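K.L.:
Encoded as structure tokens, here's the structure I'll be asking about.
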Amino acid sequence: MPDRTFKIAAVPGDGIGTEVIGVGVEVLRAIAGRDGGFRIAETVFDWGSERYLKTGSMMPEDALRTLKTFDAIYFGSAGDPRVPDHITLWGLRLPICQGLDQYANVRPARLLPGVEGPLKGVGPDRLDWVIVRENSEGEYSGAGGRVHQGYPEEVGLDVAVFTRAGVERIQRFALELARSRPRKKLTLVTKSNAQRHGMVFWDAVFGQIKGDYPDVETDKMLVDAMTTRMVLKPESIDTVVATNLHADVLSDLAAALTGSLGIAPTGNLRPEKDFPSMFEPIHGSAFDIMGQGIANPIGSFWSAAMMLDHLGETAAGQRLMRAIERVTGERKAVPRDLGGQATTRQVTDAVLQAIDADNE
């Protein structure tokens with residue numbers, strides 16, 4: 001029988017990332033031990049803002065070459081009040097996503113058992129989405145610049161770059177994902193009334209390829225109208241695909257509507273699997289609660305479940321999700337952002353106990 005040892009690069013990063021990734025690795029090891037068919041071999045990298053303050057770089061020059069030797073990356077967060085945000089983001093997370101061409105950012109959003117979202121009367125049967133975010137180009141391509149700095153004529157430009165290859169591959173990925181879900185429904189989100197070049201291009205490509213998926217029901221929304229639909233008609237949404245910027249904003253709204261940013265997961269996927277994919281909670285570094293032991297680790301656990309599924313350990317990923325849902329449903333270890341008083345350790349221990357108790 002082949003050795004099923006998965007090499008995981010753990011990059012806790014900044015703030016509470018250092019707390020939730022540590023317990024996330026504990027949970028991954030527990031799942032591997034419970035299933036018995038595979039092992040987790042993690043290597044922890046101290047990349048992040050502390051390294052930047054000491055050396056002038058968030059990660060070493062050969063970081064991507066190092067990461068390519070791993071099966072997956074488990075990432076915490078990037079952000080530190082002592083370092084400008086554009087330095088932390090462009091110094092760590094974005095170079096990994098773009099350098100390893102992790103072009104499909106997948107963000108599930110659904111109400112977990114026992115979690116009440118802010119939408120009155122909306123339960124799990126009405127809010128169960130997956131938002132697919134183009135993750136390699138668009139508004140975050142890095143094209144642009146600043147000139148005449150310090151003068152009244154100063155100009156700052158950020159150029160959104162869309163390529164046919166990039167647009168088509170993310171739209172096809174989203175169509176395939178929608179096809180795999182029970183409702184088989186996909187909404188394309190753009191802003192083609194105002195952004196008359198790149199967004200019209202997105203619409204045109206979608207119109208050309210959606211016919212290859214006759215079993216997928218499709219519709220199209222402007223991004224501003226989509227925010228209203230998410231709040232007023234959540235049951236009308238299933239799978240969503242949008243640009244790097246638009247899906248970034250929409251997925252944070254989606255997380256808030258499911259109860260808290262603290263529970264939301266992300267997979268930065270390289271679907272071809274020739275490079276490792278990266279999995280992370282979306283809550284950011286949250287320096288205001290760093291070191292207090294109260295960070296909600298559920299987002300990191302859910303991201304770990306996505307990682308297991310991507311690695312082919314589907315049963316283990318499902319077992320972890322059942323454990324998470326048992327803990328949220330029983331409400332015996334409720335973190336503060338969900339209205340309770342449980343610490344990071346207490347939530348983690350509850351999930352570990354639920355893993356042990358799972359007889360399926």
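Quick note on naming: the chains in the structure tokens go A, B, ... in the order shown, residues restart at 1 in each chain, and ligands are numbered from 1 in order of appearance.
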Just the residues within 10 Å of Asp203 in chain A, please, counting only C-alpha atoms, with nothing from its chain fewer than 3 positions along; format it as a ChimeraX atom specification.
P.N.:
/A:167,188-192,198-200,206-208,220
K.L.:
Which residues are near Ala323 in chain A? Cut-off 12 Å, only C-alpha atoms, ignore same chain within fewer than 3 positions. Put them as a PyMOL selection string.
P.N.:
chain A and resi 27+30-31+112-113+298+301-302+305+316-320+326-330+347-360
K.L.:
Name the closest residue to Ala254 in chain A among the candidates A:Val147, A:Ile40, A:Ile282, A:Met321; distances are taken between atoms, counting only C-alpha atoms.
P.N.:
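Going through A:Val147, A:Ile40, A:Ile282, A:Met321 one by one, the smallest distance to Ala254 in chain A is for A:Ile282.
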K.L.:
Using only C-alpha atoms, determine which residues lie at most 6 Å from Ala78 in chain A, disregarding the query and same-chain residues fewer than 2 positions distant; provide the list as a VMD selection string.
P.N.:
chain A and resid 13 to 14 88
K.L.:
Can you work out which one of A:Phe201, A:Phe75, A:Phe287, A:Tyr103 has the shortest atom-to-atom distance to Thr163 in chain A, counting only C-alpha atoms?
P.N.:
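Of A:Phe201, A:Phe75, A:Phe287, A:Tyr103, the one nearest Thr163 in chain A is A:Phe201, counting only C-alpha atoms.
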K.L.:
If DSSP is run on the backbone, what residues of range 21-168 of chain A are alpha helix (DSSP H)? A reply as a PyMOL selection string would be ideal.
P.N.:
chain A and resi 21-35+49-55+63-67+85-88+94-99+164-168
K.L.:
Emit the selected residues as a PDB file, in the first residue's frame, including C-alpha atoms.
P.N.:
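The result, written out as out.pdb:
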```
ATOM      1  CA  ILE A  21      -3.193  27.383  12.647  1.00  0.00           C
ATOM      2  CA  GLY A  22      -1.519  25.757  15.638  1.00  0.00           C
ATOM      3  CA  VAL A  23      -4.776  24.195  16.832  1.00  0.00           C
ATOM      4  CA  GLY A  24      -5.739  23.479  13.228  1.00  0.00           C
ATOM      5  CA  VAL A  25      -2.695  21.254  12.888  1.00  0.00           C
ATOM      6  CA  GLU A  26      -3.773  19.467  16.086  1.00  0.00           C
ATOM      7  CA  VAL A  27      -7.156  18.759  14.536  1.00  0.00           C
ATOM      8  CA  LEU A  28      -5.614  17.558  11.265  1.00  0.00           C
ATOM      9  CA  ARG A  29      -3.398  15.149  13.202  1.00  0.00           C
ATOM     10  CA  ALA A  30      -6.402  13.898  15.179  1.00  0.00           C
ATOM     11  CA  ILE A  31      -8.372  13.247  11.992  1.00  0.00           C
ATOM     12  CA  ALA A  32      -5.435  11.380  10.474  1.00  0.00           C
ATOM     13  CA  GLY A  33      -5.098   9.299  13.638  1.00  0.00           C
ATOM     14  CA  ARG A  34      -8.839   8.590  13.751  1.00  0.00           C
ATOM     15  CA  ASP A  35      -9.003   7.428  10.149  1.00  0.00           C
ATOM     16  CA  SER A  49       5.493  40.674   9.634  1.00  0.00           C
ATOM     17  CA  GLU A  50       7.877  39.786  12.474  1.00  0.00           C
ATOM     18  CA  ARG A  51      10.291  38.512   9.848  1.00  0.00           C
ATOM     19  CA  TYR A  52       9.748  41.662   7.787  1.00  0.00           C
ATOM     20  CA  LEU A  53      10.584  43.905  10.737  1.00  0.00           C
ATOM     21  CA  LYS A  54      13.811  41.967  11.308  1.00  0.00           C
ATOM     22  CA  THR A  55      14.946  41.304   7.730  1.00  0.00           C
ATOM     23  CA  ALA A  63       9.910  30.594  -0.666  1.00  0.00           C
ATOM     24  CA  LEU A  64       7.966  29.480  -3.731  1.00  0.00           C
ATOM     25  CA  ARG A  65      10.552  26.871  -4.622  1.00  0.00           C
ATOM     26  CA  THR A  66      10.288  25.560  -1.069  1.00  0.00           C
ATOM     27  CA  LEU A  67       6.486  25.489  -1.121  1.00  0.00           C
ATOM     28  CA  ASP A  85      -1.192  46.545   4.596  1.00  0.00           C
ATOM     29  CA  HIS A  86      -0.019  46.594   0.990  1.00  0.00           C
ATOM     30  CA  ILE A  87       3.411  45.392   2.126  1.00  0.00           C
ATOM     31  CA  THR A  88       2.068  42.477   4.162  1.00  0.00           C
ATOM     32  CA  LEU A  94      -0.474  37.326  -2.999  1.00  0.00           C
ATOM     33  CA  PRO A  95       2.980  36.137  -4.136  1.00  0.00           C
ATOM     34  CA  ILE A  96       2.026  32.626  -3.019  1.00  0.00           C
ATOM     35  CA  CYS A  97      -1.369  32.669  -4.749  1.00  0.00           C
ATOM     36  CA  GLN A  98      -0.030  34.183  -7.955  1.00  0.00           C
ATOM     37  CA  GLY A  99       3.345  32.434  -7.944  1.00  0.00           C
ATOM     38  CA  ARG A 164      -9.352  35.259 -22.076  1.00  0.00           C
ATOM     39  CA  ALA A 165      -7.472  32.304 -20.629  1.00  0.00           C
ATOM     40  CA  GLY A 166      -7.897  33.581 -17.079  1.00  0.00           C
ATOM     41  CA  VAL A 167     -11.559  34.505 -17.442  1.00  0.00           C
ATOM     42  CA  GLU A 168     -12.572  31.332 -19.234  1.00  0.00           C
TER      43      GLU A 168
END
```
K.L.:
Counting only C-alpha atoms, which residue out of A:Arg270, A:Lys68, A:Arg4, A:Arg181 sits closest to Asn135 in chain A?
P.N.:
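That would be A:Arg270, the residue with the smallest distance to Asn135 in chain A.
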K.L.:
Need to verify the contact set: Met307 in chain A, 9 Å, only C-alpha atoms, exclusion of same-chain residues closer than 6 positions in sequence. Can you return it as a list in words?
P.N.:
Ala72, Ile73, Tyr74, Gly267, Ser277, Met278, Phe279, Glu313 and Gly317 of chain A
K.L.:
Of the candidates A:Ala109, A:Leu261, A:Ala304, A:Val216, which shows the shortest atom-to-atom distance to Ala286 in chain A, using only C-alpha atoms?
P.N.:
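Selected residue with least distance to Ala286 in chain A: A:Leu261.
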K.L.:
I'd like the contact shell of Ser303 in chain A - 6 Å cut-off, only C-alpha atoms, skipping same-chain residues fewer than 4 positions apart - returned as a count of residues only.
P.N.:
4
K.L.:
Quick one: distance from CA of Glu235 in chain A to CA of Gln171 in chain A in Å, one decimal?
P.N.:
21.9 Å
K.L.:
If DSSP is run on the backbone, what residues of range 92-170 of chain A are strand (DSSP E or B)? A reply as an mmCIF file with N, CA and C atoms, in the first residue's frame would be ideal.
P.N.:
```
data_model
loop_
_atom_site.group_PDB
_atom_site.id
_atom_site.type_symbol
_atom_site.label_atom_id
_atom_site.label_comp_id
_atom_site.auth_asym_id
_atom_site.auth_seq_id
_atom_site.Cartn_x
_atom_site.Cartn_y
_atom_site.Cartn_z
ATOM 1 N N ALA A 104 -8.233 29.653 -8.516
ATOM 2 C CA ALA A 104 -9.622 29.479 -8.085
ATOM 3 C C ALA A 104 -9.717 29.620 -6.572
ATOM 4 N N ASN A 105 -10.263 30.742 -6.129
ATOM 5 C CA ASN A 105 -10.506 30.948 -4.713
ATOM 6 C C ASN A 105 -11.945 30.535 -4.419
ATOM 7 N N VAL A 106 -12.103 29.534 -3.571
ATOM 8 C CA VAL A 106 -13.426 28.961 -3.301
ATOM 9 C C VAL A 106 -13.808 29.248 -1.858
ATOM 10 N N ARG A 107 -14.964 29.905 -1.672
ATOM 11 C CA ARG A 107 -15.401 30.287 -0.337
ATOM 12 C C ARG A 107 -16.836 29.806 -0.078
ATOM 13 N N PRO A 108 -16.992 28.674 0.606
ATOM 14 C CA PRO A 108 -18.334 28.237 0.992
ATOM 15 C C PRO A 108 -18.922 29.189 2.035
ATOM 16 N N ALA A 109 -20.212 29.354 1.996
ATOM 17 C CA ALA A 109 -20.903 30.178 2.989
ATOM 18 C C ALA A 109 -22.245 29.531 3.277
ATOM 19 N N ARG A 110 -22.394 29.006 4.471
ATOM 20 C CA ARG A 110 -23.681 28.440 4.864
ATOM 21 C C ARG A 110 -23.824 28.527 6.375
ATOM 22 N N ASP A 128 -27.076 28.637 1.573
ATOM 23 C CA ASP A 128 -26.052 27.622 1.351
ATOM 24 C C ASP A 128 -25.399 27.938 0.003
ATOM 25 N N TRP A 129 -24.321 28.697 0.050
ATOM 26 C CA TRP A 129 -23.696 29.224 -1.156
ATOM 27 C C TRP A 129 -22.246 28.759 -1.290
ATOM 28 N N VAL A 130 -21.728 28.861 -2.500
ATOM 29 C CA VAL A 130 -20.289 28.806 -2.732
ATOM 30 C C VAL A 130 -19.932 29.972 -3.656
ATOM 31 N N ILE A 131 -19.020 30.809 -3.208
ATOM 32 C CA ILE A 131 -18.559 31.930 -4.020
ATOM 33 C C ILE A 131 -17.202 31.585 -4.608
ATOM 34 N N VAL A 132 -17.107 31.663 -5.930
ATOM 35 C CA VAL A 132 -15.868 31.379 -6.649
ATOM 36 C C VAL A 132 -15.260 32.703 -7.087
ATOM 37 N N ARG A 133 -14.067 32.943 -6.619
ATOM 38 C CA ARG A 133 -13.371 34.214 -6.877
ATOM 39 C C ARG A 133 -12.173 33.968 -7.793
ATOM 40 N N GLU A 134 -12.117 34.714 -8.891
ATOM 41 C CA GLU A 134 -10.922 34.653 -9.736
ATOM 42 C C GLU A 134 -9.756 35.169 -8.900
ATOM 43 N N GLY A 138 -7.131 40.304 -12.779
ATOM 44 C CA GLY A 138 -8.146 41.298 -12.478
ATOM 45 C C GLY A 138 -7.598 42.508 -11.761
ATOM 46 N N GLU A 139 -8.350 42.962 -10.760
ATOM 47 C CA GLU A 139 -7.992 44.182 -10.042
ATOM 48 C C GLU A 139 -6.765 44.001 -9.151
ATOM 49 N N TYR A 140 -6.410 42.747 -8.857
ATOM 50 C CA TYR A 140 -5.266 42.478 -7.993
ATOM 51 C C TYR A 140 -4.064 41.994 -8.795
ATOM 52 N N SER A 141 -4.014 42.346 -10.056
ATOM 53 C CA SER A 141 -2.901 41.892 -10.893
ATOM 54 C C SER A 141 -1.603 42.604 -10.560
ATOM 55 N N GLY A 142 -1.697 43.762 -9.915
ATOM 56 C CA GLY A 142 -0.497 44.525 -9.572
ATOM 57 C C GLY A 142 -0.046 45.473 -10.656
ATOM 58 N N ALA A 143 -0.816 45.573 -11.744
ATOM 59 C CA ALA A 143 -0.457 46.485 -12.832
ATOM 60 C C ALA A 143 -0.881 47.909 -12.471
ATOM 61 N N GLY A 144 0.002 48.857 -12.701
ATOM 62 C CA GLY A 144 -0.307 50.249 -12.389
ATOM 63 C C GLY A 144 0.899 50.952 -11.807
ATOM 64 N N GLY A 145 0.683 52.039 -11.116
ATOM 65 C CA GLY A 145 1.795 52.765 -10.521
ATOM 66 C C GLY A 145 1.388 54.146 -10.052
ATOM 67 N N ARG A 146 2.360 54.874 -9.522
ATOM 68 C CA ARG A 146 2.145 56.246 -9.055
ATOM 69 C C ARG A 146 3.205 57.155 -9.673
ATOM 70 N N VAL A 147 2.788 58.314 -10.076
ATOM 71 C CA VAL A 147 3.722 59.295 -10.638
ATOM 72 C C VAL A 147 3.457 60.656 -10.010
ATOM 73 N N VAL A 155 -0.711 61.109 -9.450
ATOM 74 C CA VAL A 155 -1.658 60.159 -10.041
ATOM 75 C C VAL A 155 -1.348 58.759 -9.535
ATOM 76 N N GLY A 156 -2.374 58.023 -9.163
ATOM 77 C CA GLY A 156 -2.237 56.611 -8.801
ATOM 78 C C GLY A 156 -3.120 55.768 -9.699
ATOM 79 N N LEU A 157 -2.553 54.723 -10.277
ATOM 80 C CA LEU A 157 -3.287 53.869 -11.202
ATOM 81 C C LEU A 157 -3.218 52.407 -10.755
ATOM 82 N N ASP A 158 -4.365 51.757 -10.722
ATOM 83 C CA ASP A 158 -4.435 50.303 -10.607
ATOM 84 C C ASP A 158 -5.204 49.805 -11.818
ATOM 85 N N VAL A 159 -4.562 49.002 -12.637
ATOM 86 C CA VAL A 159 -5.159 48.544 -13.884
ATOM 87 C C VAL A 159 -5.642 47.109 -13.710
ATOM 88 N N ALA A 160 -6.930 46.888 -13.926
ATOM 89 C CA ALA A 160 -7.487 45.539 -13.875
ATOM 90 C C ALA A 160 -7.148 44.821 -15.178
ATOM 91 N N VAL A 161 -6.469 43.691 -15.061
ATOM 92 C CA VAL A 161 -6.034 42.934 -16.235
ATOM 93 C C VAL A 161 -6.855 41.658 -16.332
#
```
